[in-house]
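One structure below.
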Amino acid sequence: MGNVIKDTSETWETLATRRPFEGAKTAVASDQVRMPDGSVVRRDYQVHPGSVCVLALDEDGRVLVIRQYRHPVRHRLWELPAGLLDVPGENPLHAAQRELYEEAHVKAEDWRVLADFFASPGGSDEAIRIFVARGVAEAEGERYQESSSEEADMEVAWVPLADLVRGILAGELGNPGLVTGVLAASAALAGEGGLDSLRPALSPWPARPYTA
């Protein structure tokens, strides 16, 4: 039997830490960390509350995507509905259901965990959980009105999963949640058990512990 390939939790000694910047939702930490050879180096990184994404898949194999301007990269990107975990300990499933409703006015009956990943582990502690949502339908009531200027300008589309896979492999789609979610869904669909083999929606998430 080969070695088990699995990420493991580990913490190196931090001799000092400070936060030279505190933003509305995120911050920058500056840590003095002892290396295995005994030296001490500075590590600066973004402190982030975490995020959720939703890959909503309809009966025709289409994925709900939104197009939004992202100023740091100077691009308008196609993305999955997503949002921050604004409340410490917030249940990520509840947050994902809220984002799907607010960004696309859609609800879903079946929810499962598709993938968990760190967005940019060399420079941020942001953890992202992607859900796959099936049994989708338009939500009842008035459509939620976005308050921020970027979100107010969003486009919404239903795109075949295969088209998104092609776009990713062609280098035409680059949002990390979209890339991870689309390729993970494609792999799950090709595997034994399909999407029904995925983890339950309330599976533990060590990177962002929560109350069910």
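Letters A, B, ... go to the chains of the structure tokens in the order shown; residues in each chain start at 1; ligands are counted from 1 in the same order.
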
Review point. Residues at most 10 Å from Glu155 (chain A), counting only C-alpha atoms, excluding those fewer than 5 positions away in the same chain, as a PyMOL selection string?
Key: chain A and resi 65-68+78+103-104

Practice item. With a distance cut-off of 10 Å and only C-alpha atoms, select the neighbouring residues of region 184-193 of chain A, excluding the residue or stretch itself and same-chain residues fewer than 2 positions from it, and output the selection as a VMD selection string. Key: chain A and resid 55 57 114 to 115 130 to 132 161 to 162 164 to 165 178 to 182 195 to 198

Restrict the selected residues to all heavy atoms and save them as a short mmCIF file (atom, residue, chain, number, x, y, z; two decimals), in the first residue's frame.
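So the final result, stored in part-v4.cif, reads:
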data_model
loop_
_atom_site.label_atom_id
_atom_site.label_comp_id
_atom_site.auth_asym_id
_atom_site.auth_seq_id
_atom_site.Cartn_x
_atom_site.Cartn_y
_atom_site.Cartn_z
N LEU A 55 -21.94 25.68 -6.51
CA LEU A 55 -22.08 25.21 -7.87
C LEU A 55 -23.50 24.65 -8.00
O LEU A 55 -23.77 23.53 -7.58
CB LEU A 55 -21.04 24.14 -8.21
CG LEU A 55 -20.99 23.75 -9.70
CD1 LEU A 55 -19.56 23.49 -10.14
CD2 LEU A 55 -21.86 22.55 -10.01
N LEU A 57 -26.40 23.19 -10.09
CA LEU A 57 -26.46 22.40 -11.31
C LEU A 57 -27.91 22.04 -11.60
O LEU A 57 -28.60 21.46 -10.75
CB LEU A 57 -25.63 21.14 -11.13
CG LEU A 57 -25.35 20.25 -12.35
CD1 LEU A 57 -24.47 20.98 -13.36
CD2 LEU A 57 -24.70 18.95 -11.91
N LEU A 114 -18.75 19.84 -2.13
CA LEU A 114 -18.02 19.47 -3.34
C LEU A 114 -16.51 19.47 -3.11
O LEU A 114 -15.81 18.53 -3.48
CB LEU A 114 -18.39 20.43 -4.47
CG LEU A 114 -17.73 20.20 -5.83
CD1 LEU A 114 -18.04 18.80 -6.35
CD2 LEU A 114 -18.20 21.26 -6.83
N ALA A 115 -15.99 20.53 -2.51
CA ALA A 115 -14.54 20.63 -2.27
C ALA A 115 -14.25 21.69 -1.22
O ALA A 115 -14.99 22.67 -1.08
CB ALA A 115 -13.80 20.97 -3.56
N ILE A 130 -16.82 24.75 -1.18
CA ILE A 130 -17.71 24.77 -2.33
C ILE A 130 -18.78 23.71 -2.15
O ILE A 130 -18.47 22.55 -1.88
CB ILE A 130 -16.96 24.51 -3.65
CG1 ILE A 130 -15.79 25.49 -3.81
CG2 ILE A 130 -17.92 24.64 -4.84
CD1 ILE A 130 -14.96 25.25 -5.07
N PHE A 131 -20.02 24.13 -2.28
CA PHE A 131 -21.16 23.21 -2.24
C PHE A 131 -21.66 22.96 -3.66
O PHE A 131 -21.57 23.85 -4.52
CB PHE A 131 -22.31 23.79 -1.43
CG PHE A 131 -22.03 23.93 0.03
CD1 PHE A 131 -21.48 25.10 0.54
CD2 PHE A 131 -22.34 22.91 0.92
CE1 PHE A 131 -21.22 25.25 1.89
CE2 PHE A 131 -22.09 23.04 2.28
CZ PHE A 131 -21.54 24.21 2.77
N VAL A 132 -22.20 21.77 -3.90
CA VAL A 132 -22.96 21.53 -5.12
C VAL A 132 -24.42 21.49 -4.71
O VAL A 132 -24.79 20.87 -3.71
CB VAL A 132 -22.52 20.23 -5.84
CG1 VAL A 132 -22.76 19.00 -4.98
CG2 VAL A 132 -23.24 20.10 -7.17
N LEU A 161 -21.91 22.55 -18.12
CA LEU A 161 -20.68 22.23 -17.39
C LEU A 161 -19.53 21.96 -18.34
O LEU A 161 -18.40 22.42 -18.11
CB LEU A 161 -20.93 21.00 -16.50
CG LEU A 161 -19.75 20.52 -15.65
CD1 LEU A 161 -19.36 21.56 -14.61
CD2 LEU A 161 -20.07 19.18 -14.99
N ALA A 162 -19.78 21.26 -19.43
CA ALA A 162 -18.71 20.93 -20.38
C ALA A 162 -18.11 22.19 -21.00
O ALA A 162 -16.91 22.24 -21.27
CB ALA A 162 -19.25 20.01 -21.47
N LEU A 164 -17.82 25.09 -19.51
CA LEU A 164 -16.96 25.69 -18.49
C LEU A 164 -15.64 24.94 -18.37
O LEU A 164 -14.59 25.56 -18.22
CB LEU A 164 -17.69 25.72 -17.15
CG LEU A 164 -18.94 26.60 -17.08
CD1 LEU A 164 -19.63 26.44 -15.74
CD2 LEU A 164 -18.60 28.06 -17.34
N VAL A 165 -15.69 23.61 -18.45
CA VAL A 165 -14.45 22.83 -18.43
C VAL A 165 -13.55 23.24 -19.58
O VAL A 165 -12.35 23.47 -19.41
CB VAL A 165 -14.75 21.31 -18.49
CG1 VAL A 165 -13.47 20.52 -18.68
CG2 VAL A 165 -15.47 20.85 -17.22
N LEU A 178 -14.50 28.97 -9.23
CA LEU A 178 -15.09 28.40 -10.44
C LEU A 178 -14.22 27.26 -10.97
O LEU A 178 -14.73 26.17 -11.28
CB LEU A 178 -15.24 29.47 -11.52
CG LEU A 178 -15.81 28.97 -12.85
CD1 LEU A 178 -17.30 28.73 -12.74
CD2 LEU A 178 -15.52 29.96 -13.98
N VAL A 179 -12.91 27.49 -11.07
CA VAL A 179 -12.01 26.45 -11.58
C VAL A 179 -12.08 25.20 -10.71
O VAL A 179 -12.27 24.08 -11.20
CB VAL A 179 -10.57 26.98 -11.65
CG1 VAL A 179 -9.59 25.86 -11.98
CG2 VAL A 179 -10.46 28.09 -12.71
N THR A 180 -11.95 25.38 -9.41
CA THR A 180 -11.97 24.24 -8.49
C THR A 180 -13.31 23.53 -8.53
O THR A 180 -13.38 22.29 -8.61
CB THR A 180 -11.65 24.70 -7.07
OG1 THR A 180 -10.39 25.37 -7.05
CG2 THR A 180 -11.62 23.52 -6.11
N GLY A 181 -14.40 24.29 -8.46
CA GLY A 181 -15.72 23.69 -8.41
C GLY A 181 -16.10 22.96 -9.68
O GLY A 181 -16.62 21.84 -9.64
N VAL A 182 -15.83 23.56 -10.83
CA VAL A 182 -16.19 22.95 -12.11
C VAL A 182 -15.40 21.67 -12.34
O VAL A 182 -15.95 20.64 -12.73
CB VAL A 182 -15.99 23.96 -13.26
CG1 VAL A 182 -16.00 23.26 -14.61
CG2 VAL A 182 -17.08 25.02 -13.20
N LEU A 195 -22.41 12.47 -8.12
CA LEU A 195 -22.50 13.50 -7.09
C LEU A 195 -23.10 12.96 -5.80
O LEU A 195 -22.90 13.56 -4.73
CB LEU A 195 -23.34 14.68 -7.62
CG LEU A 195 -22.77 15.43 -8.83
CD1 LEU A 195 -23.69 16.56 -9.23
CD2 LEU A 195 -21.37 15.96 -8.55
N ASP A 196 -23.84 11.85 -5.87
CA ASP A 196 -24.41 11.27 -4.66
C ASP A 196 -23.33 10.71 -3.72
O ASP A 196 -23.61 10.43 -2.56
CB ASP A 196 -25.39 10.15 -5.01
CG ASP A 196 -26.65 10.68 -5.68
OD1 ASP A 196 -26.99 11.86 -5.42
OD2 ASP A 196 -27.29 9.94 -6.43
N SER A 197 -22.11 10.54 -4.23
CA SER A 197 -21.01 10.02 -3.41
C SER A 197 -20.30 11.12 -2.63
O SER A 197 -19.41 10.83 -1.82
CB SER A 197 -20.00 9.29 -4.29
OG SER A 197 -19.34 10.20 -5.16
N LEU A 198 -20.67 12.37 -2.85
CA LEU A 198 -20.01 13.48 -2.17
C LEU A 198 -20.38 13.52 -0.69
O LEU A 198 -21.38 12.94 -0.25
CB LEU A 198 -20.40 14.80 -2.84
CG LEU A 198 -19.92 15.00 -4.27
CD1 LEU A 198 -20.54 16.25 -4.86
CD2 LEU A 198 -18.39 15.08 -4.32
#

**Study point:** Residue set, region 71-172 of chain A restricted to helix (DSSP H, G or I), as number ranges by chain
**Key:** A: 71-73, 92-104, 149-152, 161-169

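For the atom pair formed by CA of Arg42 (chain A) and CA of Thr17 (chain A), the distance is 9.3 Å, given to one decimal.
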
**Study point:** Distance query Ala201 (chain A) at most 12 Å, only C-alpha atoms, self and fewer than 6 positions along chain excluded, as a ChimeraX atom specification
**Key:** /A:54,91-97,109-116,129-134,212

Practice item. Give the strand (DSSP E or B) residues of region 86-204 of chain A, as assigned by DSSP on the backbone, as a VMD selection string. Key: chain A and resid 106 to 118 124 127 to 138 155 to 160 199 to 200

Please, could you write that set of residues out with C-alpha atoms as a PDB file, in the first residue's frame?
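To be explicit, this is the file written out as again-v2.pdb:
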ATOM      1  CA  VAL A 106     -32.460  30.643  -6.609  1.00  0.00           C
ATOM      2  CA  LYS A 107     -33.124  27.912  -4.042  1.00  0.00           C
ATOM      3  CA  ALA A 108     -32.079  24.234  -4.082  1.00  0.00           C
ATOM      4  CA  GLU A 109     -33.321  21.009  -2.486  1.00  0.00           C
ATOM      5  CA  ASP A 110     -30.154  18.876  -2.419  1.00  0.00           C
ATOM      6  CA  TRP A 111     -26.875  20.189  -0.981  1.00  0.00           C
ATOM      7  CA  ARG A 112     -23.506  18.422  -0.690  1.00  0.00           C
ATOM      8  CA  VAL A 113     -19.906  19.453  -0.058  1.00  0.00           C
ATOM      9  CA  LEU A 114     -18.021  19.467  -3.339  1.00  0.00           C
ATOM     10  CA  ALA A 115     -14.543  20.635  -2.268  1.00  0.00           C
ATOM     11  CA  ASP A 116     -12.651  22.468   0.462  1.00  0.00           C
ATOM     12  CA  PHE A 117      -9.487  24.408  -0.347  1.00  0.00           C
ATOM     13  CA  PHE A 118      -7.229  27.300   0.654  1.00  0.00           C
ATOM     14  CA  SER A 124      -3.611  34.262   2.941  1.00  0.00           C
ATOM     15  CA  ALA A 127     -10.431  28.822   3.433  1.00  0.00           C
ATOM     16  CA  ILE A 128     -13.186  28.159   0.885  1.00  0.00           C
ATOM     17  CA  ARG A 129     -15.910  25.504   0.940  1.00  0.00           C
ATOM     18  CA  ILE A 130     -17.710  24.774  -2.332  1.00  0.00           C
ATOM     19  CA  PHE A 131     -21.155  23.207  -2.244  1.00  0.00           C
ATOM     20  CA  VAL A 132     -22.957  21.529  -5.120  1.00  0.00           C
ATOM     21  CA  ALA A 133     -26.675  22.337  -5.138  1.00  0.00           C
ATOM     22  CA  ARG A 134     -29.249  20.360  -7.118  1.00  0.00           C
ATOM     23  CA  GLY A 135     -33.020  20.441  -7.404  1.00  0.00           C
ATOM     24  CA  VAL A 136     -32.799  24.143  -8.205  1.00  0.00           C
ATOM     25  CA  ALA A 137     -35.744  26.483  -8.732  1.00  0.00           C
ATOM     26  CA  GLU A 138     -36.453  30.184  -8.637  1.00  0.00           C
ATOM     27  CA  GLU A 155     -24.646  39.276 -15.080  1.00  0.00           C
ATOM     28  CA  VAL A 156     -26.212  35.864 -14.452  1.00  0.00           C
ATOM     29  CA  ALA A 157     -26.152  32.904 -16.865  1.00  0.00           C
ATOM     30  CA  TRP A 158     -26.714  29.142 -16.979  1.00  0.00           C
ATOM     31  CA  VAL A 159     -23.801  27.502 -18.838  1.00  0.00           C
ATOM     32  CA  PRO A 160     -23.268  23.799 -19.697  1.00  0.00           C
ATOM     33  CA  ARG A 199     -19.832  14.395   1.518  1.00  0.00           C
ATOM     34  CA  PRO A 200     -23.014  15.508   3.329  1.00  0.00           C
TER      35      PRO A 200
END

Practice item. Write out as a list in words which residues come within 12 Å of Pro121 (chain A) when counting only C-alpha atoms, dropping same-chain ones fewer than 4 positions away. Key: Arg43, Asp44, Tyr45, Gln46, Val47, His48, Phe117, Asp125, Glu126, Ala127 and Ile128 of chain A

Write out, as a PDB file, in the first residue's frame, the residues just selected, with C-alpha atoms.
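Saved to result_21.pdb:
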ATOM      1  CA  ARG A  43       5.727  36.071   7.273  1.00  0.00           C
ATOM      2  CA  ASP A  44       3.113  38.622   6.133  1.00  0.00           C
ATOM      3  CA  TYR A  45      -0.321  37.377   5.069  1.00  0.00           C
ATOM      4  CA  GLN A  46      -3.967  38.304   4.711  1.00  0.00           C
ATOM      5  CA  VAL A  47      -6.236  37.288   7.594  1.00  0.00           C
ATOM      6  CA  HIS A  48      -9.580  36.279   6.078  1.00  0.00           C
ATOM      7  CA  PHE A 117      -9.487  24.408  -0.347  1.00  0.00           C
ATOM      8  CA  ASP A 125      -5.403  32.048   5.469  1.00  0.00           C
ATOM      9  CA  GLU A 126      -8.637  32.192   3.445  1.00  0.00           C
ATOM     10  CA  ALA A 127     -10.431  28.822   3.433  1.00  0.00           C
ATOM     11  CA  ILE A 128     -13.186  28.159   0.885  1.00  0.00           C
TER      12      ILE A 128
END

Review point. Could you name the residues that touch Glu13 (chain A) at 10 Å or less, counting only C-alpha atoms, but leaving out those on the same chain fewer than 5 positions away, as number ranges by chain?
Key: A: 31-36, 40

Review point. In terms of the shortest atom-to-atom distance over only C-alpha atoms, which of A:Glu79, A:Glu59, A:Glu90, A:Glu140 is closest to Ile168 (chain A)?
Key: A:Glu79

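For the choices A:Val41, A:Ala207, A:Met154, A:Val28, the atom-to-atom distance to Trp12 (chain A) is smallest for A:Val41 when using only C-alpha atoms.
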